[in-house]
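Peer 1: Before anything else, here's the structure in question.
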Amino acid sequence: SDLLPEAGHGLGADLVGPGPARATPGLLRGDGTVDPATLCPVPFAPGALLRCDAVEALVALNEVFRADHGEDLPVGGTYRSYAEQVRLRAAKGGLAAPPGTSHHGWGVAVDFEGFGGVGQFDTPLFRWMVEHAPAYGWVHPAELGPGGGGPQEPWHWEFAGTEPQTGR
C-alpha cells in the first residue's frame, strides 16, 4: 500500500464523521502527502489548497464568520508539500509535525492567523471557532489544546467531516 502507517494519526481511515482529521485511503503518496493536483483552492484565501470537501465546509463556515465579523477567516497555512514540511520542522522543531505525518500534507489542516501564540486559548477568534467550527466539521485537536500532549497551538484546526443528515 502507498499509505504510511503512523500511530495516532488516523491514516488509512475513511472520513466518516467528527473526530480526529483522517486521511482517505489510497490518496496518500509514499511521502505521506496527497498530490496537490487533487486539492481545491480556498476561494477567499489566495494560494490556499485543501481537500475539496474541507474547502466546501470552510467556505460555509466562512459565510458565518463574515456575517459576524465583516471579513473572511484569516487563513494562513494550508497544504504543505513534504519538502515544505522538512523546512518547517527544521525551523520550528517540535512545533511542527514530523515530515510525512502532518495533516497539512493531507490537505485537511489550516493554520489561522491572529489566533494567539503558543498556549493562548482566550483570543476572540479562537473562542469563536470553538463555538462555531464543529458544526462545519472543523475541530481543534485535543492534543494541541490545554493539557494535550502536543504543542499548544490555538491556530491549528483540522477538518474531520460532519455527520450525515438523516432527515430526522
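By convention in this document, the chains of the C-alpha cells carry letters A, B, ... by their order, each chain's residues are numbered from 1, and ligands are numbered from 1 in the order they are shown.
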Mind checking which residues fall within 8 Å of range 62-76 of chain A, counting only C-alpha atoms, ignoring those fewer than 6 positions away in the same chain, and posting them as a list in words?
Peer 2: Phe44, Ala45, Ala48, Val110, Asp111, Phe112, Glu113 and Gly114 of chain A
Peer 1: Could you turn the residues from that selection into a file that holds C-alpha atoms, as an mmCIF file, in the first residue's frame?
Peer 2:
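Below is the file part10.cif, written as the result:
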```cif
data_model
loop_
_atom_site.group_PDB
_atom_site.id
_atom_site.type_symbol
_atom_site.label_atom_id
_atom_site.label_comp_id
_atom_site.auth_asym_id
_atom_site.auth_seq_id
_atom_site.Cartn_x
_atom_site.Cartn_y
_atom_site.Cartn_z
ATOM 1 C CA PHE A 44 -11.250 33.579 -0.195
ATOM 2 C CA ALA A 45 -7.592 32.717 0.572
ATOM 3 C CA ALA A 48 -4.524 28.060 -0.124
ATOM 4 C CA VAL A 110 -5.467 25.111 8.398
ATOM 5 C CA ASP A 111 -3.273 27.363 10.480
ATOM 6 C CA PHE A 112 -5.224 30.577 11.044
ATOM 7 C CA GLU A 113 -3.636 33.954 11.645
ATOM 8 C CA GLY A 114 -4.457 36.077 14.690
#
```
Peer 1: From a DSSP pass on the backbone, collect the residues of range 21-114 of chain A flagged as strand (DSSP E) and hand them back as a ChimeraX atom specification.
Peer 2: /A:40-41,49-50,109-111
Peer 1: Keeping only N, CA and C atoms, write those residues as an mmCIF file, in the first residue's frame.
Peer 2:
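Saved as result06.cif:
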```
data_model
loop_
_atom_site.group_PDB
_atom_site.id
_atom_site.type_symbol
_atom_site.label_atom_id
_atom_site.label_comp_id
_atom_site.auth_asym_id
_atom_site.auth_seq_id
_atom_site.Cartn_x
_atom_site.Cartn_y
_atom_site.Cartn_z
ATOM 1 N N CYS A 40 -8.355 21.406 -3.841
ATOM 2 C CA CYS A 40 -9.139 22.521 -4.364
ATOM 3 C C CYS A 40 -8.670 23.823 -3.729
ATOM 4 N N PRO A 41 -8.757 24.928 -4.474
ATOM 5 C CA PRO A 41 -8.385 26.219 -3.898
ATOM 6 C C PRO A 41 -9.451 26.718 -2.927
ATOM 7 N N LEU A 49 -4.729 25.662 -0.488
ATOM 8 C CA LEU A 49 -5.266 24.418 -1.037
ATOM 9 C C LEU A 49 -5.664 23.488 0.091
ATOM 10 N N LEU A 50 -6.806 22.832 -0.071
ATOM 11 C CA LEU A 50 -7.276 21.823 0.875
ATOM 12 C C LEU A 50 -8.004 20.731 0.102
ATOM 13 N N ALA A 109 -5.786 20.480 7.063
ATOM 14 C CA ALA A 109 -5.444 21.338 8.199
ATOM 15 C C ALA A 109 -5.256 22.778 7.744
ATOM 16 N N VAL A 110 -5.664 23.685 8.627
ATOM 17 C CA VAL A 110 -5.467 25.111 8.398
ATOM 18 C C VAL A 110 -4.828 25.706 9.640
ATOM 19 N N ASP A 111 -3.806 26.511 9.428
ATOM 20 C CA ASP A 111 -3.273 27.363 10.480
ATOM 21 C C ASP A 111 -3.846 28.753 10.226
#
```
Peer 1: Residues within 10 Å of Ala57 in chain A, please, as a PyMOL selection string. Count only C-alpha atoms; anything in the same chain fewer than 2 positions from it doesn't count.
Peer 2: chain A and resi 52-55+59-62+133+135-138+159+161-162
Peer 1: Which residues come within 12 Å of range 85-95 of chain A, counting only C-alpha atoms, excluding same-chain residues fewer than 2 positions away, as a PyMOL selection string?
Peer 2: chain A and resi 31-33+77-83+97-106+117-119+144+149-156
Peer 1: Just the number, please: distance in Å from CA of Phe121 in chain A to CA of Gly47 in chain A, one decimal.
Peer 2: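 Computing it gives 27.2 Å between the two atoms.
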Peer 1: Choose the residue, out of A:Glu84, A:Glu158, A:Glu56, A:Asp122, that has the smallest atom-to-atom separation from Val139 in chain A; count only C-alpha atoms.
Peer 2: A:Glu158
Peer 1: Could you give me, as a list in words, each residue of range 54-115 of chain A that DSSP assigns to alpha helix (DSSP H) when run on this structure's backbone?
Peer 2: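 Here is the list: Ala54, Val55, Glu56, Ala57, Leu58, Val59, Ala60, Leu61, Asn62, Glu63, Val64, Phe65, Arg66, Ala67, Asp68, His69, Tyr82, Ala83, Glu84, Gln85, Val86, Arg87, Leu88, Arg89, Ala90, Ala91 and Lys92 of chain A.
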Peer 1: Given only C-alpha atoms as the basis, pick out the residue of A:Thr38, A:Phe115, A:Gln120, A:Arg29 nearest to Pro146 in chain A.
Peer 2: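 The shortest atom-to-atom distance to Pro146 in chain A comes from A:Gln120.
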Peer 1: CA of His132 in chain A to CA of Leu27 in chain A: how many Å, to one decimal?
Peer 2: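 Interatomic distance here is 28.9 Å.
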